[in-house]
>>> print(open('work_16.cif').read())   # mmCIF, C-alpha atoms
data_input
loop_
_atom_site.label_atom_id
_atom_site.label_comp_id
_atom_site.auth_asym_id
_atom_site.auth_seq_id
_atom_site.Cartn_x
_atom_site.Cartn_y
_atom_site.Cartn_z
CA PRO A 24 7.99 -4.07 31.80
CA GLU A 25 7.04 -7.66 32.63
CA ASN A 26 3.43 -8.70 32.03
CA ALA A 27 2.94 -5.67 29.76
CA ASP A 28 0.02 -7.05 27.76
CA ALA A 29 -2.38 -4.36 28.98
CA LEU A 30 0.16 -1.63 28.21
CA LEU A 31 0.97 -2.94 24.72
CA ASP A 32 -2.75 -3.33 23.99
CA ARG A 33 -3.04 0.45 24.11
CA PHE A 34 -0.77 0.80 21.04
CA LEU A 35 -3.19 0.34 18.15
CA PHE A 36 -0.80 -0.18 15.21
CA ARG A 37 1.98 -2.77 15.06
CA ASP A 38 4.67 -3.65 12.56
CA PHE A 39 7.24 -6.43 12.36
CA LEU A 40 10.66 -5.59 10.97
CA GLU A 41 13.34 -7.87 9.57
CA TYR A 42 16.83 -7.29 8.23
CA LEU A 43 16.98 -6.16 4.61
CA PRO A 44 17.19 -8.91 1.96
CA LYS A 45 20.45 -9.22 0.00
CA GLU A 46 19.05 -7.49 -3.08
CA ARG A 47 18.57 -4.29 -1.03
CA TRP A 48 22.02 -4.18 0.59
CA VAL A 49 23.72 -2.05 -2.08
CA GLU A 50 20.79 0.40 -2.16
CA TYR A 51 20.90 0.68 1.62
CA LEU A 52 24.67 1.22 1.77
CA ILE A 53 24.48 3.98 -0.85
CA GLN A 54 21.67 5.69 1.04
CA TYR A 55 23.47 5.27 4.35
CA TRP A 56 26.59 6.93 2.99
CA ASN A 57 24.73 9.74 1.24
CA ILE A 58 22.59 10.81 4.19
CA HIS A 59 25.67 11.15 6.38
CA GLN A 60 27.35 13.64 4.04
CA PRO A 61 27.79 17.12 5.60
CA ASP A 62 25.85 18.81 2.80
CA PHE A 63 22.95 16.30 2.79
CA ASN A 64 19.65 18.18 2.59
CA SER A 65 16.90 16.21 4.30
CA ILE A 66 13.30 17.09 3.49
CA ILE A 67 11.03 17.28 6.52
CA PHE A 68 7.29 17.62 6.07
CA HIS A 69 5.40 19.52 8.73
CA ALA A 70 1.62 19.20 8.66
CA PRO A 71 -0.12 22.28 10.10
CA LYS A 72 -1.88 21.40 13.33
CA ASP A 73 -5.22 22.74 12.08
CA ILE A 74 -5.11 20.30 9.14
CA LEU A 75 -4.56 17.36 11.50
CA VAL A 76 -7.28 18.55 13.87
CA ARG A 77 -9.71 19.02 10.97
CA GLY A 78 -8.91 15.56 9.59
CA ASN A 79 -9.37 14.01 13.00
CA SER A 80 -12.73 15.75 13.40
CA PHE A 81 -14.15 13.57 10.60
CA LEU A 82 -13.27 10.34 12.43
CA TRP A 83 -16.63 9.90 14.12
CA ASN A 84 -18.59 11.04 11.06
CA VAL A 85 -17.67 7.97 9.02
CA ASP A 86 -20.43 5.39 8.63
CA VAL A 87 -18.75 2.16 9.76
CA PHE A 88 -22.00 0.23 10.26
CA PRO A 89 -22.12 -1.28 6.72
CA LEU A 90 -18.97 -3.24 7.64
CA LEU A 91 -19.96 -4.38 11.13
CA ASP A 92 -21.27 -7.78 10.03
CA ASP A 93 -18.12 -8.54 8.01
CA TYR A 94 -15.90 -7.22 10.78
CA VAL A 95 -17.52 -9.39 13.46
CA LYS A 96 -17.35 -12.50 11.25
CA ILE A 97 -13.63 -11.94 10.64
CA LEU A 98 -13.05 -11.52 14.38
CA ASP A 99 -14.91 -14.78 14.95
CA LYS A 100 -12.78 -16.60 12.34
CA LEU A 101 -9.62 -15.26 13.99
CA GLN A 102 -10.78 -16.43 17.41
CA GLU A 103 -11.34 -19.91 15.95
CA ARG A 104 -7.61 -19.83 15.15
CA ASP A 105 -6.74 -18.83 18.73
CA ILE A 106 -6.08 -15.18 17.87
CA ILE A 107 -7.82 -13.40 20.73
CA ILE A 108 -8.48 -9.66 20.53
CA SER A 109 -9.32 -7.59 23.60
CA ASP A 110 -12.63 -5.73 23.73
CA ARG A 111 -10.70 -2.44 23.87
CA ARG A 112 -8.87 -3.30 20.65
CA LYS A 113 -12.05 -4.46 18.89
CA GLY A 114 -13.50 -0.99 19.45
CA ARG A 115 -10.37 0.95 18.56
CA ILE A 116 -9.94 -0.95 15.29
CA LEU A 117 -13.18 0.73 14.21
CA GLN A 118 -11.29 4.03 14.50
CA ALA A 119 -8.60 2.64 12.20
CA ILE A 120 -11.29 1.55 9.71
CA SER A 121 -12.75 5.05 9.87
CA ALA A 122 -9.33 6.63 9.31
CA SER A 123 -8.75 4.37 6.29
CA ALA A 124 -12.00 5.61 4.74
CA ILE A 125 -11.08 9.25 5.40
CA LEU A 126 -7.65 8.83 3.81
CA SER A 127 -9.42 7.48 0.72
CA GLY A 128 -11.71 10.52 0.64
CA ARG A 129 -14.82 8.71 1.87
CA LEU A 130 -17.25 9.06 4.75
CA GLU A 131 -18.50 5.49 4.41
CA ALA A 132 -16.39 2.43 5.20
CA GLN A 133 -15.88 -0.12 2.42
CA PRO A 134 -14.52 -3.69 2.47
CA GLU A 135 -10.99 -2.59 1.55
CA ASP A 136 -10.83 -0.63 4.83
CA LEU A 137 -10.78 -3.95 6.67
CA GLU A 138 -7.13 -4.20 5.58
CA VAL A 139 -6.28 -2.26 8.76
CA ILE A 140 -6.94 -5.51 10.63
CA LEU A 141 -3.56 -6.70 9.33
CA TYR A 142 -1.80 -3.86 11.15
CA THR A 143 -3.84 -3.81 14.34
CA VAL A 144 -4.52 -7.44 15.33
CA PRO A 145 -1.33 -9.55 14.98
CA THR A 146 1.08 -9.63 17.92
CA THR A 147 3.73 -11.69 16.09
CA ALA A 148 4.93 -12.11 12.51
CA GLU A 149 3.42 -15.62 12.52
CA GLU A 150 0.02 -14.24 13.48
CA LEU A 151 0.32 -11.66 10.70
CA ASP A 152 0.48 -14.46 8.14
CA THR A 153 -2.64 -16.10 9.58
CA VAL A 154 -4.56 -12.83 9.83
CA SER A 155 -3.66 -11.91 6.24
CA LYS A 156 -4.99 -15.22 4.93
CA VAL A 157 -8.20 -15.06 6.98
CA VAL A 158 -9.03 -11.48 5.95
CA ASP A 159 -8.17 -11.98 2.28
CA GLU A 160 -10.12 -15.25 2.06
CA TYR A 161 -13.15 -13.63 3.63
CA LEU A 162 -12.95 -10.66 1.25
CA GLY A 163 -12.63 -12.95 -1.76
CA GLY A 164 -9.06 -12.00 -2.63
CA LEU A 165 -9.70 -8.25 -2.49
CA LEU A 166 -6.47 -7.50 -0.62
CA SER A 167 -4.39 -9.62 -3.01
CA LEU A 168 -5.94 -7.76 -5.93
CA LYS A 169 -5.26 -4.41 -4.25
CA ARG A 170 -1.60 -5.32 -3.71
CA GLU A 171 -1.30 -6.48 -7.32
CA LEU A 172 -2.66 -3.15 -8.58
CA GLU A 173 -0.33 -1.22 -6.28
CA SER A 174 2.60 -3.31 -7.54
CA ILE A 175 1.62 -2.61 -11.16
CA ILE A 176 1.47 1.12 -10.45
CA ARG A 177 4.94 1.05 -8.86
CA GLN A 178 6.37 -0.88 -11.81
CA LEU A 179 4.81 1.53 -14.31
CA THR A 180 6.16 4.50 -12.36
CA ASN A 181 9.67 2.99 -12.41
CA GLN A 182 9.44 2.36 -16.14
CA ILE A 183 8.36 5.94 -16.78
CA ASN A 184 11.29 7.22 -14.72
CA ASN A 185 13.72 4.90 -16.56
CA LEU A 186 12.58 5.80 -20.09
CA PRO A 187 15.49 8.24 -20.70
CA SER A 188 17.98 5.37 -20.45
CA CYS A 189 15.97 2.86 -22.52
CA SER A 190 17.32 1.53 -25.81
CA ILE A 191 15.24 1.22 -28.97
CA GLU A 192 14.76 -2.48 -28.22
CA ASP A 193 13.62 -1.70 -24.67
CA LEU A 194 11.10 0.85 -25.92
CA ARG A 195 9.70 -1.56 -28.52
CA GLU A 196 9.30 -4.24 -25.85
CA ILE A 197 7.45 -1.79 -23.61
CA LEU A 198 5.07 -0.81 -26.42
CA VAL A 199 4.54 -4.29 -27.89
CA ASP A 200 4.54 -6.47 -24.75
CA THR A 201 4.40 -4.57 -21.46
CA ILE A 202 1.66 -2.04 -22.18
CA PRO A 203 -0.85 -4.46 -23.83
CA SER A 204 -0.28 -7.00 -21.05
CA VAL A 205 -0.79 -4.50 -18.23
CA ARG A 206 -3.72 -2.83 -19.96
CA SER A 207 -5.54 -6.15 -20.41
CA LYS A 208 -5.08 -6.93 -16.70
CA VAL A 209 -6.31 -3.55 -15.54
CA VAL A 210 -9.37 -3.16 -17.80
CA ASN A 211 -10.68 -6.58 -16.75
CA VAL A 212 -10.79 -5.65 -13.06
CA GLU A 213 -14.37 -4.94 -11.99
CA THR A 214 -14.10 -4.05 -8.32
CA PRO A 215 -15.87 -0.78 -7.45
CA SER A 216 -14.03 -0.28 -4.14
CA LEU A 217 -10.67 -0.39 -6.00
CA GLN A 218 -11.77 1.94 -8.79
CA TYR A 219 -9.34 4.66 -7.68
CA LEU A 220 -6.41 2.25 -8.11
CA ILE A 221 -7.70 1.05 -11.46
CA GLU A 222 -7.95 4.65 -12.69
CA LYS A 223 -4.44 5.40 -11.43
CA ALA A 224 -3.04 2.33 -13.19
CA VAL A 225 -4.78 3.29 -16.45
CA GLU A 226 -3.37 6.80 -16.15
CA LYS A 227 0.15 5.41 -15.66
CA VAL A 228 -0.23 3.04 -18.64
CA ASN A 229 -1.35 5.90 -20.88
CA THR A 230 1.52 8.10 -19.70
CA LEU A 231 4.06 5.32 -20.26
CA GLU A 232 2.70 4.65 -23.75
CA GLU A 233 2.71 8.32 -24.74
CA GLN A 234 6.23 8.96 -23.47
CA ALA A 235 7.61 5.67 -24.86
CA ILE A 236 6.26 6.47 -28.35
CA GLU A 237 7.77 9.94 -28.18
CA LYS A 238 11.11 8.59 -26.96
CA LEU A 239 11.17 5.85 -29.60
CA ALA A 240 10.42 8.33 -32.38
CA THR A 241 13.24 10.57 -31.22
CA LYS A 242 15.73 7.70 -31.11
CA LEU A 243 14.72 6.44 -34.57
CA LEU A 244 15.21 9.91 -36.03
CA GLU A 245 18.65 10.09 -34.43
CA VAL A 246 19.59 6.74 -35.99
CA ASN A 247 18.39 7.78 -39.44
CA GLU A 248 20.37 10.98 -39.27
#
>>> encode(input="work_16.cif", output="structure tokens")
Amino acid sequence: PENADALLDRFLFRDFLEYLPKERWVEYLIQYWNIHQPDFNSIIFHAPKDILVRGNSFLWNVDVFPLLDDYVKILDKLQERDIIISDRRKGRILQAISASAILSGRLEAQPEDLEVILYTVPTTAEELDTVSKVVDEYLGGLLSLKRELESIIRQLTNQINNLPSCSIEDLREILVDTIPSVRSKVVNVETPSLQYLIEKAVEKVNTLEEQAIEKLATKLLEVNE
């Protein structure tokens, strides 16, 4: 409807979608064709209602007060850039912060939970860029570091999955270059609130190293035979 600002303000989370970039076209077309096959077996996850109710019951038990000062200062910085947030939304974003803590297994909000601001404040893609910069600058690059760690974990996971098709040269490169480089990056991160990502990255590095050594040994034996 026209003049729907008040209505749209009641939807807490927002996302901004664009067409897929060229490098994803082939992947998309393959997926599109496959999911329309008569024998395609889609996997649907159903969460039991009692699990959702129980999770939701923790929402108001999270201690969000340690973040209030940071949260208010970020809101003030956004207002200086003409990004105005309604009072209703200011309050409801606290629920998103609480939910972020719960999903990370905590009952106390930490700075990384302020990332939800990126998904709850912007009303346009242009505002999203501004909000991202303001939040990340205020948090001292915490969000950029978090995204880098998540990217490293994804890359390591892909490499582990692709090990069966790796050549001897590929495996040597992984062991000599990739693993030492990633390990040096990860071990030098000293950010307590991102410890769970650091531990996950270390676990992936160790798994990749172990499996790459095993795969390389097998291939070398095959060559010598």
>>> closest_residue(input="work_16.cif", among="A:Leu217, A:Ile53, A:Ala235, A:Val76", to="Leu198 (chain A)", atoms="only C-alpha atoms")
A:Ala235
>>> resolve_selection(input="work_16.cif", expression="the PyMOL selection byres ((chain A and resi 176) around 12)", output="count of residues only")
30
>>> axis_aligned_box(input="work_16.cif", around="region 44-49 of chain A", padding_each_side="5 Å", output="JSON")
{"center_x": 20.5, "center_y": -5.6, "center_z": -0.6, "size_x": 16.5, "size_y": 17.2, "size_z": 15.0}
>>> resolve_selection(input="work_16.cif", expression="the PyMOL selection byres ((chain A and resi 143-156) around 12)", output="ChimeraX atom specification")
/A:28,31-41,97-120,137-142,157-167
>>> write_last_selection(input="work_16.cif", atoms="C-alpha atoms", output="mmCIF file, in the coordinates of the input")
data_model
loop_
_atom_site.group_PDB
_atom_site.id
_atom_site.type_symbol
_atom_site.label_atom_id
_atom_site.label_comp_id
_atom_site.auth_asym_id
_atom_site.auth_seq_id
_atom_site.Cartn_x
_atom_site.Cartn_y
_atom_site.Cartn_z
ATOM 1 C CA ASP A 28 0.020 -7.050 27.760
ATOM 2 C CA LEU A 31 0.970 -2.940 24.720
ATOM 3 C CA ASP A 32 -2.750 -3.330 23.990
ATOM 4 C CA ARG A 33 -3.040 0.450 24.110
ATOM 5 C CA PHE A 34 -0.770 0.800 21.040
ATOM 6 C CA LEU A 35 -3.190 0.340 18.150
ATOM 7 C CA PHE A 36 -0.800 -0.180 15.210
ATOM 8 C CA ARG A 37 1.980 -2.770 15.060
ATOM 9 C CA ASP A 38 4.670 -3.650 12.560
ATOM 10 C CA PHE A 39 7.240 -6.430 12.360
ATOM 11 C CA LEU A 40 10.660 -5.590 10.970
ATOM 12 C CA GLU A 41 13.340 -7.870 9.570
ATOM 13 C CA ILE A 97 -13.630 -11.940 10.640
ATOM 14 C CA LEU A 98 -13.050 -11.520 14.380
ATOM 15 C CA ASP A 99 -14.910 -14.780 14.950
ATOM 16 C CA LYS A 100 -12.780 -16.600 12.340
ATOM 17 C CA LEU A 101 -9.620 -15.260 13.990
ATOM 18 C CA GLN A 102 -10.780 -16.430 17.410
ATOM 19 C CA GLU A 103 -11.340 -19.910 15.950
ATOM 20 C CA ARG A 104 -7.610 -19.830 15.150
ATOM 21 C CA ASP A 105 -6.740 -18.830 18.730
ATOM 22 C CA ILE A 106 -6.080 -15.180 17.870
ATOM 23 C CA ILE A 107 -7.820 -13.400 20.730
ATOM 24 C CA ILE A 108 -8.480 -9.660 20.530
ATOM 25 C CA SER A 109 -9.320 -7.590 23.600
ATOM 26 C CA ASP A 110 -12.630 -5.730 23.730
ATOM 27 C CA ARG A 111 -10.700 -2.440 23.870
ATOM 28 C CA ARG A 112 -8.870 -3.300 20.650
ATOM 29 C CA LYS A 113 -12.050 -4.460 18.890
ATOM 30 C CA GLY A 114 -13.500 -0.990 19.450
ATOM 31 C CA ARG A 115 -10.370 0.950 18.560
ATOM 32 C CA ILE A 116 -9.940 -0.950 15.290
ATOM 33 C CA LEU A 117 -13.180 0.730 14.210
ATOM 34 C CA GLN A 118 -11.290 4.030 14.500
ATOM 35 C CA ALA A 119 -8.600 2.640 12.200
ATOM 36 C CA ILE A 120 -11.290 1.550 9.710
ATOM 37 C CA LEU A 137 -10.780 -3.950 6.670
ATOM 38 C CA GLU A 138 -7.130 -4.200 5.580
ATOM 39 C CA VAL A 139 -6.280 -2.260 8.760
ATOM 40 C CA ILE A 140 -6.940 -5.510 10.630
ATOM 41 C CA LEU A 141 -3.560 -6.700 9.330
ATOM 42 C CA TYR A 142 -1.800 -3.860 11.150
ATOM 43 C CA VAL A 157 -8.200 -15.060 6.980
ATOM 44 C CA VAL A 158 -9.030 -11.480 5.950
ATOM 45 C CA ASP A 159 -8.170 -11.980 2.280
ATOM 46 C CA GLU A 160 -10.120 -15.250 2.060
ATOM 47 C CA TYR A 161 -13.150 -13.630 3.630
ATOM 48 C CA LEU A 162 -12.950 -10.660 1.250
ATOM 49 C CA GLY A 163 -12.630 -12.950 -1.760
ATOM 50 C CA GLY A 164 -9.060 -12.000 -2.630
ATOM 51 C CA LEU A 165 -9.700 -8.250 -2.490
ATOM 52 C CA LEU A 166 -6.470 -7.500 -0.620
ATOM 53 C CA SER A 167 -4.390 -9.620 -3.010
#
>>> resolve_selection(input="work_16.cif", expression="the PyMOL selection byres ((chain A and resi 82) around 7)", output="list in words")
Asn79, Ser80, Phe81, Trp83, Asn84, Val85, Gln118, Ser121 and Ala122 of chain A
>>> closest_residue(input="work_16.cif", among="A:Val246, A:Cys189, A:Glu232, A:Asp92", to="Thr201 (chain A)", atoms="all atoms listed in the file")
A:Glu232
>>> atom_distance(input="work_16.cif", atom1="CA of Val212 (chain A)", atom2="CA of Leu168 (chain A)")
8.9 Å
